[in-house]
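Colleague: Input structure: start-v1.cif, which contains mmCIF, C-alpha atoms.
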```cif
data_coords
loop_
_atom_site.group_PDB
_atom_site.id
_atom_site.type_symbol
_atom_site.label_atom_id
_atom_site.label_comp_id
_atom_site.auth_asym_id
_atom_site.auth_seq_id
_atom_site.Cartn_x
_atom_site.Cartn_y
_atom_site.Cartn_z
ATOM 1 C CA MET H 13 171.030 256.476 195.128
ATOM 2 C CA THR H 14 174.672 257.438 195.082
ATOM 3 C CA PRO H 15 175.568 261.070 195.810
ATOM 4 C CA ILE H 16 176.068 263.329 192.836
ATOM 5 C CA SER H 17 179.506 262.656 191.404
ATOM 6 C CA LEU H 18 181.489 263.786 188.403
ATOM 7 C CA THR H 19 179.909 261.006 186.337
ATOM 8 C CA HIS H 20 176.408 262.428 186.813
ATOM 9 C CA ILE H 21 177.443 265.838 185.550
ATOM 10 C CA LEU H 22 179.354 264.298 182.627
ATOM 11 C CA ILE H 23 176.275 262.282 181.620
ATOM 12 C CA LEU H 24 174.228 265.497 181.683
ATOM 13 C CA SER H 25 176.741 267.346 179.516
ATOM 14 C CA THR H 26 177.062 264.406 177.104
ATOM 15 C CA SER H 27 173.296 264.308 176.671
ATOM 16 C CA LEU H 28 173.217 268.036 176.046
ATOM 17 C CA PHE H 29 176.044 267.726 173.499
ATOM 18 C CA PHE H 30 174.235 265.069 171.502
ATOM 19 C CA ILE H 31 170.964 266.993 171.662
ATOM 20 C CA GLY H 32 172.914 269.823 170.018
ATOM 21 C CA ALA H 33 174.428 267.386 167.516
ATOM 22 C CA TYR H 34 170.947 266.080 166.622
ATOM 23 C CA GLY H 35 169.768 269.654 166.049
ATOM 24 C CA PHE H 36 172.801 270.393 163.928
ATOM 25 C CA LEU H 37 172.135 267.353 161.737
ATOM 26 C CA THR H 38 168.401 267.904 161.255
ATOM 27 C CA ARG H 39 167.960 271.667 161.022
ATOM 28 C CA ARG H 40 168.279 273.426 157.683
ATOM 29 C CA ASN H 41 167.907 277.035 158.845
ATOM 30 C CA LEU H 42 171.196 278.825 159.550
ATOM 31 C CA ILE H 43 169.983 280.508 162.743
ATOM 32 C CA THR H 44 168.772 277.242 164.248
ATOM 33 C CA LEU H 45 172.092 275.637 163.273
ATOM 34 C CA LEU H 46 173.791 278.400 165.261
ATOM 35 C CA MET H 47 171.539 277.662 168.260
ATOM 36 C CA ALA H 48 172.481 273.969 168.119
ATOM 37 C CA VAL H 49 176.171 274.933 168.100
ATOM 38 C CA GLU H 50 175.608 277.114 171.179
ATOM 39 C CA LEU H 51 174.107 274.134 173.022
ATOM 40 C CA MET H 52 177.158 272.034 172.155
ATOM 41 C CA LEU H 53 179.558 274.770 173.328
ATOM 42 C CA ASN H 54 177.668 275.033 176.616
ATOM 43 C CA SER H 55 177.942 271.322 177.251
ATOM 44 C CA VAL H 56 181.712 271.603 176.758
ATOM 45 C CA ASN H 57 181.785 274.450 179.296
ATOM 46 C CA ILE H 58 179.982 272.287 181.850
ATOM 47 C CA ASN H 59 182.619 269.604 181.298
ATOM 48 C CA PHE H 60 185.519 271.987 181.875
ATOM 49 C CA VAL H 61 184.022 273.339 185.092
ATOM 50 C CA ALA H 62 183.068 269.896 186.414
ATOM 51 C CA PHE H 63 186.514 268.400 185.800
ATOM 52 C CA ASN H 64 188.109 271.432 187.432
ATOM 53 C CA LYS H 65 185.887 271.316 190.508
ATOM 54 C CA TYR H 66 185.798 267.573 191.129
ATOM 55 C CA LEU H 67 189.262 266.374 190.086
ATOM 56 C CA TYR H 68 191.675 269.309 190.399
ATOM 57 C CA PRO H 69 190.221 271.704 192.990
ATOM 58 C CA GLN H 70 193.643 273.261 193.628
ATOM 59 C CA ASN H 71 193.753 274.727 190.071
ATOM 60 C CA ILE H 72 191.426 277.116 188.270
ATOM 61 C CA ASP H 73 192.463 276.306 184.679
ATOM 62 C CA GLY H 74 189.088 274.820 183.800
ATOM 63 C CA ILE H 75 187.300 277.977 184.860
ATOM 64 C CA PHE H 76 189.573 280.003 182.623
ATOM 65 C CA PHE H 77 188.866 277.687 179.704
ATOM 66 C CA THR H 78 185.158 278.238 180.308
ATOM 67 C CA VAL H 79 185.602 282.004 180.357
ATOM 68 C CA PHE H 80 187.586 281.973 177.113
ATOM 69 C CA VAL H 81 185.185 279.563 175.383
ATOM 70 C CA THR H 82 182.316 281.877 176.338
ATOM 71 C CA THR H 83 184.158 284.874 174.910
ATOM 72 C CA ILE H 84 184.990 283.112 171.672
ATOM 73 C CA ALA H 85 181.414 281.854 171.393
ATOM 74 C CA ALA H 86 180.190 285.440 171.620
ATOM 75 C CA ALA H 87 182.599 286.537 168.862
ATOM 76 C CA GLU H 88 181.612 283.529 166.753
ATOM 77 C CA ALA H 89 177.893 284.224 167.143
ATOM 78 C CA ALA H 90 178.360 287.870 166.137
ATOM 79 C CA VAL H 91 180.356 287.002 163.002
ATOM 80 C CA ALA H 92 177.945 284.196 162.092
ATOM 81 C CA ILE H 93 174.971 286.532 162.357
ATOM 82 C CA ALA H 94 176.721 289.136 160.188
ATOM 83 C CA ILE H 95 177.286 286.424 157.578
ATOM 84 C CA ILE H 96 173.643 285.283 157.873
ATOM 85 C CA ILE H 97 172.372 288.837 157.325
ATOM 86 C CA ASN H 98 174.670 289.256 154.335
ATOM 87 C CA LEU H 99 173.475 285.937 152.903
ATOM 88 C CA TYR H 100 169.861 286.966 153.433
ATOM 89 C CA ARG H 101 170.487 290.126 151.397
ATOM 90 C CA SER H 102 171.925 288.241 148.443
ATOM 91 C CA HIS H 103 169.707 285.127 148.473
ATOM 92 C CA ASN H 104 166.541 286.277 150.316
ATOM 93 C CA SER H 105 166.670 283.096 152.353
ATOM 94 C CA ILE H 106 168.810 281.636 155.102
ATOM 95 C CA ASP H 107 168.140 278.006 154.308
ATOM 96 C CA VAL H 108 171.361 276.126 153.693
ATOM 97 C CA GLU H 109 169.823 274.358 150.687
ATOM 98 C CA ASP H 110 169.357 277.701 148.923
ATOM 99 C CA ALA H 111 173.003 278.707 149.291
ATOM 100 C CA GLY H 112 174.590 275.910 147.337
ATOM 101 C CA GLU H 113 176.773 277.787 144.882
ATOM 102 C CA MET H 114 180.220 279.284 145.422
ATOM 103 C CA LYS H 115 181.395 282.481 143.834
ATOM 104 C CA TYR H 116 184.847 281.300 142.776
ATOM 105 C CA MET F 23 168.079 261.427 198.621
ATOM 106 C CA ASN F 24 168.887 264.817 200.059
ATOM 107 C CA ALA F 25 167.903 268.256 198.827
ATOM 108 C CA GLN F 26 171.122 268.783 196.855
ATOM 109 C CA GLU F 27 170.521 265.663 194.751
ATOM 110 C CA ILE F 28 166.882 266.537 194.148
ATOM 111 C CA ILE F 29 167.887 270.002 192.983
ATOM 112 C CA PHE F 30 170.535 268.531 190.659
ATOM 113 C CA TYR F 31 168.037 266.160 189.039
ATOM 114 C CA LEU F 32 165.517 268.974 188.655
ATOM 115 C CA ILE F 33 168.099 271.223 186.979
ATOM 116 C CA ALA F 34 169.267 268.382 184.730
ATOM 117 C CA ALA F 35 165.716 267.550 183.622
ATOM 118 C CA TYR F 36 165.036 271.222 182.989
ATOM 119 C CA ILE F 37 168.195 271.706 180.884
ATOM 120 C CA LEU F 38 167.625 268.573 178.807
ATOM 121 C CA GLY F 39 163.899 269.137 178.322
ATOM 122 C CA THR F 40 164.274 272.710 177.158
ATOM 123 C CA GLY F 41 167.287 271.705 175.046
ATOM 124 C CA ILE F 42 165.237 269.042 173.257
ATOM 125 C CA MET F 43 162.467 271.572 172.661
ATOM 126 C CA ALA F 44 165.030 274.056 171.300
ATOM 127 C CA VAL F 45 166.200 271.657 168.612
ATOM 128 C CA SER F 46 162.837 270.133 167.735
ATOM 129 C CA THR F 47 160.198 272.880 167.719
ATOM 130 C CA HIS F 48 159.043 274.083 164.309
ATOM 131 C CA LYS F 49 158.703 277.774 165.116
ATOM 132 C CA ILE F 50 162.034 279.539 165.013
ATOM 133 C CA PHE F 51 161.160 282.204 167.576
ATOM 134 C CA ARG F 52 160.006 279.561 170.038
ATOM 135 C CA ALA F 53 163.235 277.660 169.410
ATOM 136 C CA SER F 54 165.251 280.696 170.469
ATOM 137 C CA ILE F 55 163.151 281.141 173.632
ATOM 138 C CA TRP F 56 163.609 277.469 174.530
ATOM 139 C CA LEU F 57 167.344 277.964 173.988
ATOM 140 C CA LEU F 58 167.195 280.896 176.402
ATOM 141 C CA PHE F 59 165.528 278.712 179.060
ATOM 142 C CA SER F 60 168.153 276.036 178.545
ATOM 143 C CA LEU F 61 170.988 278.551 179.006
ATOM 144 C CA VAL F 62 169.360 279.860 182.202
ATOM 145 C CA GLY F 63 169.220 276.253 183.414
ATOM 146 C CA ILE F 64 172.941 275.888 182.753
ATOM 147 C CA ALA F 65 173.537 279.057 184.788
ATOM 148 C CA ALA F 66 171.520 277.407 187.575
ATOM 149 C CA LEU F 67 173.787 274.379 187.319
ATOM 150 C CA TYR F 68 176.806 276.649 187.798
ATOM 151 C CA PHE F 69 175.128 278.130 190.877
ATOM 152 C CA TRP F 70 174.559 274.585 192.093
ATOM 153 C CA MET F 71 178.320 273.947 191.716
ATOM 154 C CA ASP F 72 179.074 277.107 193.805
ATOM 155 C CA LEU F 73 180.539 278.985 190.828
ATOM 156 C CA GLU F 74 178.751 282.292 191.129
ATOM 157 C CA PHE F 75 181.095 284.172 188.823
ATOM 158 C CA ILE F 76 180.787 281.686 185.954
ATOM 159 C CA ALA F 77 177.015 281.697 186.423
ATOM 160 C CA ALA F 78 177.016 285.475 186.180
ATOM 161 C CA ILE F 79 179.100 285.313 182.999
ATOM 162 C CA GLN F 80 176.722 282.712 181.602
ATOM 163 C CA ILE F 81 173.705 284.923 182.220
ATOM 164 C CA VAL F 82 175.318 288.164 181.017
ATOM 165 C CA VAL F 83 177.012 286.830 177.878
ATOM 166 C CA TYR F 84 174.735 284.007 176.732
ATOM 167 C CA VAL F 85 171.301 285.008 177.950
ATOM 168 C CA GLY F 86 171.785 288.753 177.702
ATOM 169 C CA GLY F 87 174.046 288.821 174.661
ATOM 170 C CA ILE F 88 173.942 285.879 172.289
ATOM 171 C CA VAL F 89 170.246 285.024 172.595
ATOM 172 C CA VAL F 90 169.280 288.669 172.125
ATOM 173 C CA LEU F 91 171.524 288.781 169.042
ATOM 174 C CA ILE F 92 169.855 285.627 167.712
ATOM 175 C CA ILE F 93 166.391 287.092 168.309
ATOM 176 C CA PHE F 94 167.386 290.281 166.489
ATOM 177 C CA SER F 95 168.627 288.315 163.506
ATOM 178 C CA ILE F 96 165.400 286.281 163.493
ATOM 179 C CA PHE F 97 163.405 289.496 163.278
ATOM 180 C CA LEU F 98 165.678 290.789 160.513
ATOM 181 C CA THR F 99 165.491 287.699 158.340
ATOM 182 C CA GLN F 100 162.346 285.704 159.116
ATOM 183 C CA LYS F 101 158.661 285.980 159.578
ATOM 184 C CA ALA F 102 158.745 284.979 163.219
ATOM 185 C CA GLY F 103 155.306 283.360 163.372
ATOM 186 C CA ASP F 104 155.803 281.111 160.383
ATOM 187 C CA GLU F 105 156.408 277.441 160.830
ATOM 188 C CA MET F 106 159.603 276.088 159.411
ATOM 189 C CA PRO F 107 159.098 273.127 157.088
ATOM 190 C CA ALA F 108 159.381 269.899 159.025
ATOM 191 C CA PRO F 109 162.661 268.093 158.386
ATOM 192 C CA LEU F 110 162.462 265.034 156.196
ATOM 193 C CA LYS F 111 162.047 261.643 157.832
ATOM 194 C CA SER F 112 165.055 260.456 155.850
ATOM 195 C CA ARG F 113 167.099 263.087 157.656
ATOM 196 C CA THR F 114 165.707 262.938 161.204
ATOM 197 C CA LEU F 115 165.829 259.171 161.568
ATOM 198 C CA PRO F 116 169.548 258.746 160.754
ATOM 199 C CA ALA F 117 170.382 261.842 162.811
ATOM 200 C CA ALA F 118 168.447 260.583 165.834
ATOM 201 C CA PHE F 119 169.928 257.131 165.431
ATOM 202 C CA ALA F 120 173.494 258.463 165.177
ATOM 203 C CA SER F 121 173.042 260.790 168.170
ATOM 204 C CA LEU F 122 171.461 258.103 170.352
ATOM 205 C CA PHE F 123 174.109 255.563 169.435
ATOM 206 C CA ALA F 124 176.948 258.002 170.141
ATOM 207 C CA LEU F 125 175.251 259.032 173.407
ATOM 208 C CA ALA F 126 174.871 255.420 174.538
ATOM 209 C CA PHE F 127 178.474 254.672 173.581
ATOM 210 C CA THR F 128 179.855 257.682 175.470
ATOM 211 C CA ILE F 129 177.727 257.067 178.580
ATOM 212 C CA ASN F 130 178.854 253.455 178.573
ATOM 213 C CA LEU F 131 182.477 254.639 178.534
ATOM 214 C CA LEU F 132 181.789 257.160 181.306
ATOM 215 C CA LEU F 133 180.142 254.594 183.581
ATOM 216 C CA HIS F 134 183.066 252.191 183.287
ATOM 217 C CA HIS F 135 185.830 254.743 183.688
ATOM 218 C CA ASN F 136 187.320 255.331 187.108
ATOM 219 C CA PHE F 137 188.118 258.999 187.437
ATOM 220 C CA GLY F 138 190.067 258.588 190.661
ATOM 221 C CA SER F 139 189.374 260.535 193.768
ATOM 222 C CA ALA F 140 189.731 264.265 194.036
ATOM 223 C CA SER F 141 192.303 265.756 196.294
ATOM 224 C CA GLU F 142 190.880 267.026 199.527
ATOM 225 C CA MET F 143 191.772 270.658 198.927
ATOM 226 C CA VAL F 144 188.998 273.238 199.034
ATOM 227 C CA PHE F 145 187.979 274.570 195.643
ATOM 228 C CA ASP F 146 188.759 278.282 195.706
ATOM 229 C CA SER F 147 187.187 280.021 192.716
ATOM 230 C CA SER F 148 186.964 283.499 194.180
ATOM 231 C CA VAL F 149 186.922 286.392 191.769
ATOM 232 C CA GLU F 150 190.010 287.779 193.489
ATOM 233 C CA ARG F 151 192.035 284.665 192.683
ATOM 234 C CA MET F 152 190.758 284.626 189.093
ATOM 235 C CA GLY F 153 191.643 288.280 188.592
ATOM 236 C CA LEU F 154 195.149 287.820 189.935
ATOM 237 C CA ALA F 155 195.716 284.798 187.695
ATOM 238 C CA MET F 156 194.260 286.655 184.704
ATOM 239 C CA LEU F 157 196.956 289.348 184.900
ATOM 240 C CA ASN F 158 199.775 287.139 186.139
ATOM 241 C CA THR F 159 202.727 287.053 183.747
ATOM 242 C CA GLY F 160 204.550 284.352 185.708
ATOM 243 C CA ASP F 161 203.909 280.647 186.129
ATOM 244 C CA GLY F 162 200.246 279.677 185.769
ATOM 245 C CA GLY F 163 199.290 283.142 184.596
ATOM 246 C CA PHE F 164 196.732 283.769 181.873
ATOM 247 C CA VAL F 165 197.826 287.152 180.589
ATOM 248 C CA LEU F 166 198.699 285.874 177.083
ATOM 249 C CA PRO F 167 195.308 284.249 176.309
ATOM 250 C CA PHE F 168 193.647 287.264 177.916
ATOM 251 C CA GLU F 169 195.360 289.623 175.466
ATOM 252 C CA ALA F 170 194.828 287.232 172.545
ATOM 253 C CA VAL F 171 191.104 287.086 173.293
ATOM 254 C CA SER F 172 190.881 290.873 173.481
ATOM 255 C CA MET F 173 192.500 291.085 170.024
ATOM 256 C CA LEU F 174 190.055 288.444 168.789
ATOM 257 C CA LEU F 175 187.096 290.440 170.085
ATOM 258 C CA LEU F 176 188.346 293.562 168.347
ATOM 259 C CA ALA F 177 188.862 291.622 165.104
ATOM 260 C CA ALA F 178 185.382 290.083 165.392
ATOM 261 C CA MET F 179 183.823 293.484 165.975
ATOM 262 C CA ILE F 180 185.474 295.023 162.908
ATOM 263 C CA GLY F 181 184.773 291.874 160.902
ATOM 264 C CA CYS F 182 181.050 292.009 161.720
ATOM 265 C CA ILE F 183 180.795 295.609 160.607
ATOM 266 C CA VAL F 184 182.679 294.930 157.357
ATOM 267 C CA ILE F 185 180.671 291.798 156.519
ATOM 268 C CA ALA F 186 177.242 293.231 157.329
ATOM 269 C CA MET F 187 177.905 296.643 155.736
ATOM 270 C CA LYS F 188 175.757 297.521 152.745
ATOM 271 C CA VAL F 189 177.776 297.994 149.554
ATOM 272 C CA LYS F 190 176.419 300.757 147.366
ATOM 273 C CA LYS F 191 175.597 299.848 143.783
ATOM 274 C CA GLU F 192 178.089 302.154 142.048
ATOM 275 C CA GLU F 193 180.897 301.144 144.394
ATOM 276 C CA ALA F 194 180.331 297.492 143.703
ATOM 277 C CA GLN F 195 181.064 297.893 140.015
#
```
Could I get this file's structure written as structure tokens?
Modeller:
Amino acid sequence: MTPISLTHILILSTSLFFIGAYGFLTRRNLITLLMAVELMLNSVNINFVAFNKYLYPQNIDGIFFTVFVTTIAAAEAAVAIAIIINLYRSHNSIDVEDAGEMKY
Amino acid sequence: MNAQEIIFYLIAAYILGTGIMAVSTHKIFRASIWLLFSLVGIAALYFWMDLEFIAAIQIVVYVGGIVVLIIFSIFLTQKAGDEMPAPLKSRTLPAAFASLFALAFTINLLLHHNFGSASEMVFDSSVERMGLAMLNTGDGGFVLPFEAVSMLLLAAMIGCIVIAMKVKKEEAQ
């Protein structure tokens, strides 16, 4: 066995990203779609941190990217859930198939 | 195989297993709890990489914030015990095929790419250094994205209230 290198962590984050992608493609409920997107964002965070730690240990740019991605993910989740609740009020369902029409 | 490697493989298996459960279970409340476990596993991975501050952020924001928000919205919009209808075979098979193919392709690229060796410097991710860089207006400072993100958070907060606000019947006409 080789010691844990950058490649191991990148394989882990790639797997997590495509698990999220699979969930995004198969789910039809808006909240579960949001969960799949969170998994994908987390795998990107792991990538940023791993590249920062293993290739450029003199900088901390990757850590800052992770912090900002986390912040934006929180804002995105809050807005998405507001939209989901609004959609539930008008359609009584949060299935993407039931929200097919556009207003304008 | 030393203890560090064993712990890494355990964390990796935990993250991927709970992640797969989060995207494949048919009960939406269970899906959110599996997502919570997966996010805790990612925090453990950050601890494994000696990044205590990022791990703390991960637990506070994701586990304590986003997952709780998701659980609240599940209770507002769903009957939590109900099973979601199983996705159609005609949808899962192409999705699984596409994901597996893309995963195999990317891992193949990763295994054949030489990332070069890291410089020998010690990785200093202390909170003190991060805080100084966060408010540094000079070279390598992050004060502009810091302020931009604070504006974004304010905008998101107001936006959530406006979107989720109930419009009264007479006002809507």
Colleague: On this structure, which residues satisfy the PyMOL selection byres ((chain H) within 6 of (chain F)), written as a VMD selection string?
Modeller: chain H and resid 30 34 to 35 37 to 38 66 to 67 69 87 91 94 98
Colleague: Restricting the output to C-alpha atoms, write the selected residues as a PDB file, keeping the file's coordinate frame.
Modeller:
```pdb
ATOM      1  CA  PHE H  30     174.235 265.069 171.502  1.00  0.00           C
ATOM      2  CA  TYR H  34     170.947 266.080 166.622  1.00  0.00           C
ATOM      3  CA  GLY H  35     169.768 269.654 166.049  1.00  0.00           C
ATOM      4  CA  LEU H  37     172.135 267.353 161.737  1.00  0.00           C
ATOM      5  CA  THR H  38     168.401 267.904 161.255  1.00  0.00           C
ATOM      6  CA  TYR H  66     185.798 267.573 191.129  1.00  0.00           C
ATOM      7  CA  LEU H  67     189.262 266.374 190.086  1.00  0.00           C
ATOM      8  CA  PRO H  69     190.221 271.704 192.990  1.00  0.00           C
ATOM      9  CA  ALA H  87     182.599 286.537 168.862  1.00  0.00           C
ATOM     10  CA  VAL H  91     180.356 287.002 163.002  1.00  0.00           C
ATOM     11  CA  ALA H  94     176.721 289.136 160.188  1.00  0.00           C
ATOM     12  CA  ASN H  98     174.670 289.256 154.335  1.00  0.00           C
TER      13      ASN H  98
END
```
Colleague: Counting only C-alpha atoms, which residue out of F:Leu166, F:Leu131, F:Leu157, F:Val85 sits closest to Val62 (chain F)?
Modeller: F:Val85
Colleague: What do you get, as an MDAnalysis selection string, if you spell out every residue that the PyMOL selection byres ((chain H and resi 49) around 12) selects here?
Modeller: (chainID H and resid 28:37 39 42:48 50:56 85:86 88:89 92) or (chainID F and resid 41 44:45 57 88)
Colleague: To one decimal in Å, tell me the separation between CA of Val108 (chain H) and CA of Arg40 (chain H).
Modeller: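 Computing the Euclidean distance for CA of Val108 (chain H) and CA of Arg40 (chain H) yields 5.7 Å.
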Colleague: Could you work out how far CA of Gly86 (chain F) lies from CA of Ala66 (chain F), giving the answer in Å with one decimal?
Modeller: 15.0 Å
Colleague: Please compute the CA of Leu18 (chain H)-CA of Val61 (chain H) distance, one decimal, in Å.
Modeller: 10.4 Å
Colleague: Check which residues satisfy the PyMOL selection byres ((chain H and resi 74) around 8) in the file shown, then give them as a list in words.
Modeller: Phe60, Val61, Phe63, Asn64, Asn71, Ile72, Asp73, Ile75, Phe76, Phe77 and Thr78 of chain H
Colleague: Give me, as a ChimeraX atom specification, all polymer residues having an atom no more than 9 Å from Ser105 (chain H), counting only C-alpha atoms and skipping those fewer than 4 positions away in the same chain.
Modeller: /H:41,99-101,110-111 /F:99-100
